[in-house]
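A.B. asks: Sharing a structure with you now.
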Amino acid sequence: MALDKNQIAQRIAKEVKDGYYVNLGIGIPTLVANYVREDISVEFQSENGVLGMGPFPFEGEEDADIINAGKQTITTLPGASFFDSAFSFGMIRSQKVDLTILGAMEVAENGDIANWKIPGKMVKGMGGAMDLVASAENIIVAMMHVNKAGESKLLKRCSLPLTGVGCVKKIVTELAVLEVTEKGFKLLERAPGVSVEEIQRATEGNLIIEGNIPEMNIG
Amino acid sequence: MIKRTVKNVSEALQGIESDMTIMLGGFGLCGIPENSIAELVNKKITNLTCISNNAGVDDFGLGLLLQNRQIKKMISSYVGENAEFERQMLSGELEVELTPQGTLAEKCRAAQAGIPAFFTPAGYGTEVAEGKETREFNDKMHVMELAFKADFAIVKAWKGDEAGNLIFKGTARNFNAVMAGAAKITIAEVEELVPAGMLDPNEIHIPGIMVNRIFQGEKFEKRIEQRTVRQK
């Protein structure tokens, strides 16, 4: 069975280690916060200028001055801090943020990522995505393996305008966990009940299959 | 003490004319200079180039200036929440320069800090880097970006004093703190303006030397763009 979005987030949460500062993108990445183990210390950064983000506020306690990069009202946890936008991207560029999790429209086997623009359609902008992918040491992409038309989103070369070059390290989809290597997408794990052949069919880029591929352990 | 106070918003915005380049602080609707935007609408000046991370929503923030066709060009990182913006952009009435958010912030900070240009890895290998100088540092490619040159910067702070010192609240610090002092003239509107000596110098985020004119805004709606809550 292919994973749903919450299960993708649940699997990615296993990559979040004790002591990590983490930046979560909009969409599936936001869900990751719900599944991080409670016995480890993690701080979430939002690029509009906060470290130590907590859950959404209780009704009536929303504060217009405390939001995340998705413009949602949030709360802060003990130890939190606020800072300006230049400082925020400073800590991203200087690699103080340990892990960046974001969505993508396409990823290429060399680690290129496209996630901000479809020619001919309304372009909303790249926000902080270009800064994040160019600087982060550890980038995990959370996305569906194929698009709505059934075409693979794991490609030999991206067809859409790029967000960054050679930057993606790991990808978690509803079908598989893959690592970007010099030779292409290395298959690490498959979703429970999903066959290697199924993953192969959904992957246009070079898929490296070595030995027995274990099933993901989500829970 | 050098006084930076002006009477009201109309005195604060004196000298802003058509065809000028203006920086406006805020992220989404968080920390935008609402009173100054309302006054820009009143002034009926046009052909503005606005440097602002976002473009407001249809009926608030910079959306109000867009509705009146007062903006010629937007320099932003993300402009998704505004139907009139989309219409003007697709019809070619509005010029849009999309800039990575960290680069946008640093172009402000560079102007604020008197640095004409800098190198950043953001956008290397993408269309953002087209036509720009690139260089390798520490085995990594970087793109040269220039500091902004703006006529006015308009920022919003939580508290300020007569000397122009500013304190921000929460994530409303965002671009406000990096635009203060980044243009020829900086205007600050604050929720609470207090006499000099009332703010602890240890807690000032932006010193008054970066602020030419400060005033207390008449009212702040502080609209929330995405109200997200959890149940008790």
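Residue numbering restarts at 1 for every chain of the structure tokens, chains are lettered A, B, ... in their displayed order, and ligands are numbered from 1 as they appear.
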Which residues in range 39-184 of chain A does DSSP call helix (DSSP H, G or I)? List them as an mmCIF file with N, CA and C atoms, in the first residue's frame.

C.D. replies:
data_model
loop_
_atom_site.group_PDB
_atom_site.id
_atom_site.type_symbol
_atom_site.label_atom_id
_atom_site.label_comp_id
_atom_site.auth_asym_id
_atom_site.auth_seq_id
_atom_site.Cartn_x
_atom_site.Cartn_y
_atom_site.Cartn_z
ATOM 1 N N SER A 85 14.633 39.145 9.128
ATOM 2 C CA SER A 85 14.708 38.283 7.946
ATOM 3 C C SER A 85 16.140 38.053 7.470
ATOM 4 N N ALA A 86 16.986 39.070 7.557
ATOM 5 C CA ALA A 86 18.376 38.899 7.113
ATOM 6 C C ALA A 86 19.107 37.931 8.050
ATOM 7 N N PHE A 87 18.860 38.089 9.325
ATOM 8 C CA PHE A 87 19.480 37.207 10.319
ATOM 9 C C PHE A 87 19.002 35.772 10.127
ATOM 10 N N SER A 88 17.714 35.646 9.807
ATOM 11 C CA SER A 88 17.119 34.325 9.623
ATOM 12 C C SER A 88 17.803 33.569 8.482
ATOM 13 N N PHE A 89 18.005 34.254 7.360
ATOM 14 C CA PHE A 89 18.672 33.590 6.241
ATOM 15 C C PHE A 89 20.170 33.496 6.475
ATOM 16 N N GLY A 90 20.698 34.335 7.354
ATOM 17 C CA GLY A 90 22.089 34.188 7.758
ATOM 18 C C GLY A 90 22.316 32.847 8.436
ATOM 19 N N MET A 91 21.421 32.471 9.342
ATOM 20 C CA MET A 91 21.611 31.184 10.042
ATOM 21 C C MET A 91 21.371 30.014 9.099
ATOM 22 N N ILE A 92 20.583 30.250 8.054
ATOM 23 C CA ILE A 92 20.375 29.201 7.040
ATOM 24 C C ILE A 92 21.628 29.066 6.167
ATOM 25 N N ARG A 93 22.153 30.199 5.669
ATOM 26 C CA ARG A 93 23.337 30.140 4.799
ATOM 27 C C ARG A 93 24.554 29.615 5.543
ATOM 28 N N ALA A 129 12.671 29.369 -0.782
ATOM 29 C CA ALA A 129 13.116 28.033 -1.211
ATOM 30 C C ALA A 129 14.507 28.038 -1.851
ATOM 31 N N MET A 130 14.802 29.053 -2.677
ATOM 32 C CA MET A 130 16.119 29.073 -3.343
ATOM 33 C C MET A 130 17.250 29.244 -2.345
ATOM 34 N N ASP A 131 17.027 30.067 -1.350
ATOM 35 C CA ASP A 131 18.051 30.269 -0.315
ATOM 36 C C ASP A 131 18.255 28.982 0.477
ATOM 37 N N LEU A 132 17.132 28.347 0.831
ATOM 38 C CA LEU A 132 17.211 27.128 1.641
ATOM 39 C C LEU A 132 17.937 26.018 0.891
ATOM 40 N N VAL A 133 17.568 25.752 -0.354
ATOM 41 C CA VAL A 133 18.193 24.615 -1.049
ATOM 42 C C VAL A 133 19.656 24.889 -1.400
ATOM 43 N N ALA A 134 19.998 26.164 -1.608
ATOM 44 C CA ALA A 134 21.383 26.483 -1.972
ATOM 45 C C ALA A 134 22.316 26.361 -0.781
ATOM 46 N N SER A 135 21.781 26.454 0.417
ATOM 47 C CA SER A 135 22.647 26.531 1.592
ATOM 48 C C SER A 135 22.585 25.324 2.509
#

A.B. asks: Quick one: residues within 9 Å of Thr100 in chain A, only C-alpha atoms counted, chain neighbours fewer than 3 positions away excluded, as a PyMOL selection string?

C.D. replies: chain A and resi 21-25+97+132-133+136-141

A.B. asks: What's around Gly205 in chain A at 6 Å? Count only C-alpha atoms, leave out sequence neighbours fewer than 6 positions away in its own chain, and write the answer as a ChimeraX atom specification.

C.D. replies: /A:109,154-156

A.B. asks: Using only C-alpha atoms, find the residues of chain A whose closest atom to chain B is at most 7 Å away, then write them as a tab-separated table (two decimals) with C-alpha atoms, in the first residue's frame.

C.D. replies:
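Okay, this is what ended up in result.tsv:
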chain	number	residue	atom	x	y	z
A	48	ASN	CA	10.19	34.78	8.65
A	49	GLY	CA	12.10	35.03	11.92
A	50	VAL	CA	11.39	32.55	14.70
A	56	PHE	CA	-1.15	26.55	16.79
A	57	PRO	CA	-2.61	28.84	19.50
A	58	PHE	CA	-5.84	28.05	21.32
A	59	GLU	CA	-8.85	29.87	19.93
A	64	ALA	CA	-1.20	38.81	14.59
A	65	ASP	CA	2.47	39.47	15.39
A	66	ILE	CA	3.38	35.79	15.80
A	67	ILE	CA	3.12	33.81	12.57
A	71	LYS	CA	1.40	33.17	7.47
A	72	GLN	CA	-0.39	30.94	9.99
A	73	THR	CA	-0.79	32.03	13.60
A	82	PHE	CA	12.64	36.12	17.24
A	83	PHE	CA	14.97	37.76	14.73
A	84	ASP	CA	14.85	39.71	11.48
A	85	SER	CA	14.71	38.28	7.95
A	86	ALA	CA	18.38	38.90	7.11
A	89	PHE	CA	18.67	33.59	6.24
A	124	LYS	CA	3.77	33.14	-7.08
A	125	GLY	CA	7.48	33.28	-6.39
A	126	MET	CA	10.19	31.22	-4.79
A	127	GLY	CA	9.84	32.66	-1.30
A	128	GLY	CA	12.76	31.31	0.69
A	130	MET	CA	16.12	29.07	-3.34
A	131	ASP	CA	18.05	30.27	-0.31
A	134	ALA	CA	21.38	26.48	-1.97
A	135	SER	CA	22.65	26.53	1.59
A	161	PRO	CA	12.74	25.99	-14.12
A	162	LEU	CA	15.17	25.03	-11.35
A	163	THR	CA	15.08	26.12	-7.73
A	164	GLY	CA	18.57	24.80	-7.03
A	165	VAL	CA	21.25	22.56	-8.52

A.B. asks: Pick out the residues sitting within 10 Å of range 185-197 of chain B, and hand them over as a PyMOL selection string; count only C-alpha atoms, and ignore anything fewer than 4 positions along from it in its own chain.

C.D. replies: chain B and resi 1-6+8-9+12-13+15-16+22-25+32-36+150-168+176+179-181+201+208-220

A.B. asks: Do you have the CA of Ala202 in chain A-CA of Pro119 in chain A distance handy?

C.D. replies: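 Between CA of Ala202 in chain A and CA of Pro119 in chain A the gap works out to 23.9 Å.
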
A.B. asks: Report the distance between CA of Ser94 in chain A and CA of Ala111 in chain B in Å, rounded to one decimal place.

C.D. replies: 20.7 Å

A.B. asks: So that I can check the secondary structure, give me every residue of range 2-190 of chain A assigned strand (DSSP E) by backbone DSSP, as an MDAnalysis selection string.

C.D. replies: chainID A and resid 21:24 43:46 50:53 76:82 99:102 106:108 113:114 139:142 154:155 170:172 176:181 184:190

A.B. asks: Report as a compact mmCIF listing (two decimals) with all heavy atoms, in the first residue's frame all protein, DNA and RNA residues lying within 9 Å of range 169-178 of chain A, evaluated on only C-alpha atoms, omitting residues in the same chain fewer than 3 positions from it.

C.D. replies:
# COMPACT_ATOMS: atom_id res chain seq x y z
N MET A 1 0.84 -1.21 0.00
CA MET A 1 0.00 0.00 0.00
C MET A 1 0.87 1.25 0.00
O MET A 1 1.76 1.41 0.84
CB MET A 1 -0.87 0.01 1.27
CG MET A 1 -2.21 -0.66 1.07
SD MET A 1 -3.40 0.50 0.34
CE MET A 1 -3.77 1.56 1.74
N ALA A 2 0.58 2.13 -0.94
CA ALA A 2 1.28 3.40 -0.94
C ALA A 2 0.92 4.19 0.32
O ALA A 2 -0.17 4.03 0.86
CB ALA A 2 0.89 4.20 -2.18
N LEU A 3 1.84 5.03 0.79
CA LEU A 3 1.60 5.82 1.99
C LEU A 3 0.67 6.99 1.69
O LEU A 3 0.64 7.48 0.57
CB LEU A 3 2.92 6.38 2.53
CG LEU A 3 4.08 5.43 2.78
CD1 LEU A 3 5.24 6.21 3.40
CD2 LEU A 3 3.67 4.30 3.70
N ASP A 4 -0.05 7.45 2.72
CA ASP A 4 -0.75 8.73 2.56
C ASP A 4 0.19 9.84 3.04
O ASP A 4 1.31 9.58 3.49
CB ASP A 4 -2.10 8.74 3.29
CG ASP A 4 -1.95 8.58 4.80
OD1 ASP A 4 -0.87 8.92 5.33
OD2 ASP A 4 -2.90 8.12 5.44
N LYS A 5 -0.29 11.08 2.94
CA LYS A 5 0.59 12.22 3.25
C LYS A 5 1.07 12.20 4.69
O LYS A 5 2.21 12.53 4.98
CB LYS A 5 -0.13 13.54 2.94
CG LYS A 5 -0.25 13.75 1.44
CD LYS A 5 -0.93 15.04 1.05
CE LYS A 5 -0.91 15.15 -0.47
NZ LYS A 5 -1.53 16.37 -0.95
N GLN A 7 1.51 9.57 6.52
CA GLN A 7 2.51 8.51 6.68
C GLN A 7 3.87 8.91 6.10
O GLN A 7 4.92 8.53 6.63
CB GLN A 7 2.00 7.22 6.04
CG GLN A 7 0.85 6.59 6.83
CD GLN A 7 0.18 5.46 6.09
OE1 GLN A 7 -0.11 5.58 4.89
NE2 GLN A 7 -0.06 4.36 6.77
N ILE A 8 3.84 9.69 5.01
CA ILE A 8 5.10 10.21 4.47
C ILE A 8 5.77 11.08 5.53
O ILE A 8 6.96 10.95 5.82
CB ILE A 8 4.87 11.02 3.17
CG1 ILE A 8 4.35 10.11 2.04
CG2 ILE A 8 6.15 11.73 2.73
CD1 ILE A 8 3.97 10.85 0.77
N ALA A 9 4.96 11.95 6.16
CA ALA A 9 5.48 12.84 7.21
C ALA A 9 6.02 12.02 8.38
O ALA A 9 7.07 12.33 8.95
CB ALA A 9 4.39 13.78 7.69
N ARG A 11 7.24 8.99 8.30
CA ARG A 11 8.52 8.36 7.95
C ARG A 11 9.66 9.39 8.00
O ARG A 11 10.76 9.09 8.48
CB ARG A 11 8.43 7.72 6.54
CG ARG A 11 9.75 7.21 5.99
CD ARG A 11 10.37 6.13 6.87
NE ARG A 11 11.73 5.80 6.46
CZ ARG A 11 12.80 6.49 6.81
NH1 ARG A 11 12.71 7.56 7.60
NH2 ARG A 11 14.00 6.13 6.40
N ILE A 12 9.39 10.60 7.50
CA ILE A 12 10.42 11.64 7.50
C ILE A 12 10.80 12.02 8.93
O ILE A 12 11.96 12.32 9.22
CB ILE A 12 9.97 12.87 6.69
CG1 ILE A 12 9.86 12.51 5.21
CG2 ILE A 12 10.93 14.04 6.87
CD1 ILE A 12 9.30 13.60 4.34
N VAL A 107 12.39 16.31 -9.07
CA VAL A 107 13.77 16.17 -8.61
C VAL A 107 14.51 15.37 -9.68
O VAL A 107 13.96 14.41 -10.23
CB VAL A 107 13.86 15.44 -7.25
CG1 VAL A 107 15.31 15.20 -6.85
CG2 VAL A 107 13.14 16.22 -6.16
N GLY A 111 20.26 15.50 -8.24
CA GLY A 111 19.93 16.30 -7.05
C GLY A 111 19.35 17.67 -7.36
O GLY A 111 19.04 18.44 -6.45
N GLU A 137 22.72 21.84 4.25
CA GLU A 137 23.60 20.70 4.04
C GLU A 137 22.78 19.43 3.87
O GLU A 137 23.13 18.52 3.15
CB GLU A 137 24.53 20.55 5.24
CG GLU A 137 25.87 19.99 4.86
CD GLU A 137 26.88 20.19 5.97
OE1 GLU A 137 26.51 20.65 7.06
OE2 GLU A 137 28.04 19.89 5.73
N ASN A 138 21.65 19.42 4.55
CA ASN A 138 20.85 18.21 4.64
C ASN A 138 19.42 18.54 4.20
O ASN A 138 18.69 19.19 4.94
CB ASN A 138 20.88 17.72 6.09
CG ASN A 138 20.38 16.32 6.24
OD1 ASN A 138 20.02 15.67 5.25
ND2 ASN A 138 20.34 15.85 7.47
N ILE A 139 19.07 18.14 2.98
CA ILE A 139 17.75 18.46 2.44
C ILE A 139 16.99 17.17 2.16
O ILE A 139 17.47 16.30 1.44
CB ILE A 139 17.85 19.26 1.13
CG1 ILE A 139 18.57 20.59 1.38
CG2 ILE A 139 16.47 19.50 0.54
CD1 ILE A 139 18.86 21.36 0.13
N ILE A 140 15.80 17.07 2.73
CA ILE A 140 14.92 15.95 2.41
C ILE A 140 13.71 16.50 1.66
O ILE A 140 13.09 17.47 2.10
CB ILE A 140 14.45 15.22 3.68
CG1 ILE A 140 15.66 14.65 4.43
CG2 ILE A 140 13.49 14.09 3.32
CD1 ILE A 140 15.29 13.95 5.73
N VAL A 141 13.40 15.88 0.53
CA VAL A 141 12.22 16.27 -0.23
C VAL A 141 11.08 15.32 0.11
O VAL A 141 11.24 14.10 0.10
CB VAL A 141 12.51 16.24 -1.74
CG1 VAL A 141 11.21 16.30 -2.54
CG2 VAL A 141 13.41 17.41 -2.13
N ALA A 142 9.93 15.91 0.43
CA ALA A 142 8.71 15.14 0.67
C ALA A 142 7.78 15.40 -0.50
O ALA A 142 7.40 16.53 -0.75
CB ALA A 142 8.05 15.62 1.97
N MET A 143 7.48 14.36 -1.25
CA MET A 143 6.58 14.58 -2.39
C MET A 143 5.95 13.28 -2.87
O MET A 143 6.32 12.19 -2.44
CB MET A 143 7.34 15.24 -3.54
CG MET A 143 8.38 14.36 -4.18
SD MET A 143 9.10 15.19 -5.64
CE MET A 143 10.01 13.84 -6.35
N MET A 144 4.96 13.41 -3.76
CA MET A 144 4.38 12.24 -4.39
C MET A 144 5.32 11.79 -5.51
O MET A 144 6.01 12.61 -6.12
CB MET A 144 2.99 12.56 -4.95
CG MET A 144 2.02 13.11 -3.90
SD MET A 144 1.90 12.13 -2.38
CE MET A 144 0.78 10.84 -2.91
N HIS A 145 5.36 10.49 -5.76
CA HIS A 145 6.30 9.93 -6.71
C HIS A 145 5.96 10.33 -8.16
O HIS A 145 6.84 10.53 -9.00
CB HIS A 145 6.31 8.40 -6.58
CG HIS A 145 7.65 7.79 -6.80
ND1 HIS A 145 8.46 7.36 -5.76
CD2 HIS A 145 8.33 7.50 -7.92
CE1 HIS A 145 9.59 6.85 -6.26
NE2 HIS A 145 9.53 6.91 -7.56
N GLY A 166 21.88 20.35 -7.81
CA GLY A 166 22.65 19.34 -7.08
C GLY A 166 22.54 19.43 -5.57
O GLY A 166 23.54 19.29 -4.87
N THR A 181 22.52 9.78 -5.25
CA THR A 181 23.95 9.46 -5.30
C THR A 181 24.52 9.93 -6.62
O THR A 181 23.80 10.42 -7.49
CB THR A 181 24.17 7.93 -5.19
OG1 THR A 181 23.68 7.33 -6.40
CG2 THR A 181 23.45 7.33 -4.00
N PHE A 185 19.24 7.73 -8.36
CA PHE A 185 18.40 7.52 -7.18
C PHE A 185 18.65 6.12 -6.62
O PHE A 185 18.32 5.12 -7.26
CB PHE A 185 16.92 7.63 -7.54
CG PHE A 185 16.51 8.96 -8.11
CD1 PHE A 185 16.11 9.06 -9.45
CD2 PHE A 185 16.52 10.11 -7.33
CE1 PHE A 185 15.72 10.28 -9.97
CE2 PHE A 185 16.12 11.33 -7.86
CZ PHE A 185 15.72 11.41 -9.19
N LYS A 186 19.23 6.05 -5.43
CA LYS A 186 19.45 4.75 -4.82
C LYS A 186 18.24 4.40 -3.95
O LYS A 186 17.88 5.16 -3.04
CB LYS A 186 20.72 4.77 -3.98
CG LYS A 186 21.08 3.41 -3.43
CD LYS A 186 22.39 3.46 -2.66
CE LYS A 186 22.64 2.09 -2.05
NZ LYS A 186 23.76 2.12 -1.10
N LEU A 187 17.62 3.27 -4.25
CA LEU A 187 16.43 2.85 -3.52
C LEU A 187 16.84 2.30 -2.15
O LEU A 187 17.59 1.32 -2.06
CB LEU A 187 15.68 1.79 -4.33
CG LEU A 187 14.35 1.29 -3.76
CD1 LEU A 187 13.38 2.43 -3.51
CD2 LEU A 187 13.73 0.25 -4.70
N LEU A 188 16.35 2.94 -1.08
CA LEU A 188 16.71 2.51 0.27
C LEU A 188 15.63 1.66 0.91
O LEU A 188 15.90 0.66 1.55
CB LEU A 188 17.00 3.72 1.16
CG LEU A 188 18.13 4.66 0.78
CD1 LEU A 188 18.26 5.78 1.82
CD2 LEU A 188 19.46 3.92 0.66
N GLU A 189 14.37 2.13 0.76
CA GLU A 189 13.25 1.42 1.39
C GLU A 189 12.04 1.53 0.48
O GLU A 189 11.92 2.46 -0.29
CB GLU A 189 12.90 2.09 2.74
CG GLU A 189 14.00 2.07 3.76
CD GLU A 189 13.67 2.94 4.98
OE1 GLU A 189 12.49 3.25 5.21
OE2 GLU A 189 14.62 3.35 5.67
N ARG A 190 11.14 0.55 0.61
CA ARG A 190 9.89 0.64 -0.13
C ARG A 190 8.72 0.66 0.85
O ARG A 190 8.84 0.16 1.98
CB ARG A 190 9.77 -0.51 -1.13
CG ARG A 190 9.92 -1.85 -0.52
CD ARG A 190 10.24 -2.93 -1.56
NE ARG A 190 10.58 -4.15 -0.86
CZ ARG A 190 9.68 -4.99 -0.35
NH1 ARG A 190 8.39 -4.77 -0.53
NH2 ARG A 190 10.05 -6.05 0.33
N ALA A 191 7.62 1.30 0.42
CA ALA A 191 6.43 1.37 1.28
C ALA A 191 5.91 -0.05 1.47
O ALA A 191 6.08 -0.90 0.59
CB ALA A 191 5.37 2.26 0.64
N PRO A 192 5.26 -0.32 2.62
CA PRO A 192 4.77 -1.67 2.88
C PRO A 192 3.90 -2.19 1.73
O PRO A 192 2.95 -1.51 1.31
CB PRO A 192 3.93 -1.49 4.16
CG PRO A 192 4.51 -0.29 4.83
CD PRO A 192 4.97 0.60 3.73
N VAL A 194 4.57 -2.44 -1.37
CA VAL A 194 4.88 -1.88 -2.69
C VAL A 194 6.10 -2.62 -3.24
O VAL A 194 7.11 -2.76 -2.55
CB VAL A 194 5.14 -0.37 -2.61
CG1 VAL A 194 5.67 0.18 -3.93
CG2 VAL A 194 3.86 0.37 -2.21
N SER A 195 6.02 -3.08 -4.49
CA SER A 195 7.12 -3.87 -5.06
C SER A 195 8.18 -2.97 -5.68
O SER A 195 7.92 -1.81 -6.03
CB SER A 195 6.58 -4.82 -6.14
OG SER A 195 6.15 -4.07 -7.24
N GLU A 198 7.15 -1.82 -9.08
CA GLU A 198 6.22 -0.68 -9.06
C GLU A 198 6.98 0.65 -8.94
O GLU A 198 6.67 1.63 -9.60
CB GLU A 198 5.29 -0.85 -7.85
CG GLU A 198 3.91 -0.25 -8.01
CD GLU A 198 3.00 -0.63 -6.85
OE1 GLU A 198 3.06 -1.81 -6.40
OE2 GLU A 198 2.27 0.24 -6.38
N ILE A 199 7.99 0.65 -8.08
CA ILE A 199 8.80 1.86 -7.87
C ILE A 199 9.60 2.15 -9.15
O ILE A 199 9.69 3.29 -9.59
CB ILE A 199 9.75 1.68 -6.66
CG1 ILE A 199 8.91 1.52 -5.38
CG2 ILE A 199 10.70 2.85 -6.53
CD1 ILE A 199 9.66 0.97 -4.20
N ALA A 202 7.54 3.86 -11.73
CA ALA A 202 7.17 5.24 -11.39
C ALA A 202 8.38 6.18 -11.38
O ALA A 202 8.25 7.37 -11.10
CB ALA A 202 6.48 5.27 -10.03
N LEU A 207 17.38 4.40 -11.47
CA LEU A 207 17.09 3.85 -10.15
C LEU A 207 18.10 2.76 -9.84
O LEU A 207 18.26 1.81 -10.61
CB LEU A 207 15.66 3.28 -10.11
CG LEU A 207 15.17 2.79 -8.76
CD1 LEU A 207 14.97 3.96 -7.79
CD2 LEU A 207 13.86 2.02 -8.92
N GLU A 215 11.26 -3.10 3.66
CA GLU A 215 10.06 -2.26 3.78
C GLU A 215 10.29 -1.20 4.83
O GLU A 215 11.03 -1.40 5.79
CB GLU A 215 8.86 -3.14 4.18
CG GLU A 215 8.25 -3.88 3.02
CD GLU A 215 6.89 -4.52 3.38
OE1 GLU A 215 6.46 -4.37 4.54
OE2 GLU A 215 6.30 -5.13 2.49
N MET A 216 9.64 -0.04 4.63
CA MET A 216 9.75 1.05 5.60
C MET A 216 9.14 0.63 6.92
O MET A 216 8.14 -0.06 6.95
CB MET A 216 8.93 2.27 5.14
CG MET A 216 9.48 3.02 4.00
SD MET A 216 8.33 4.40 3.69
CE MET A 216 8.53 4.53 1.93
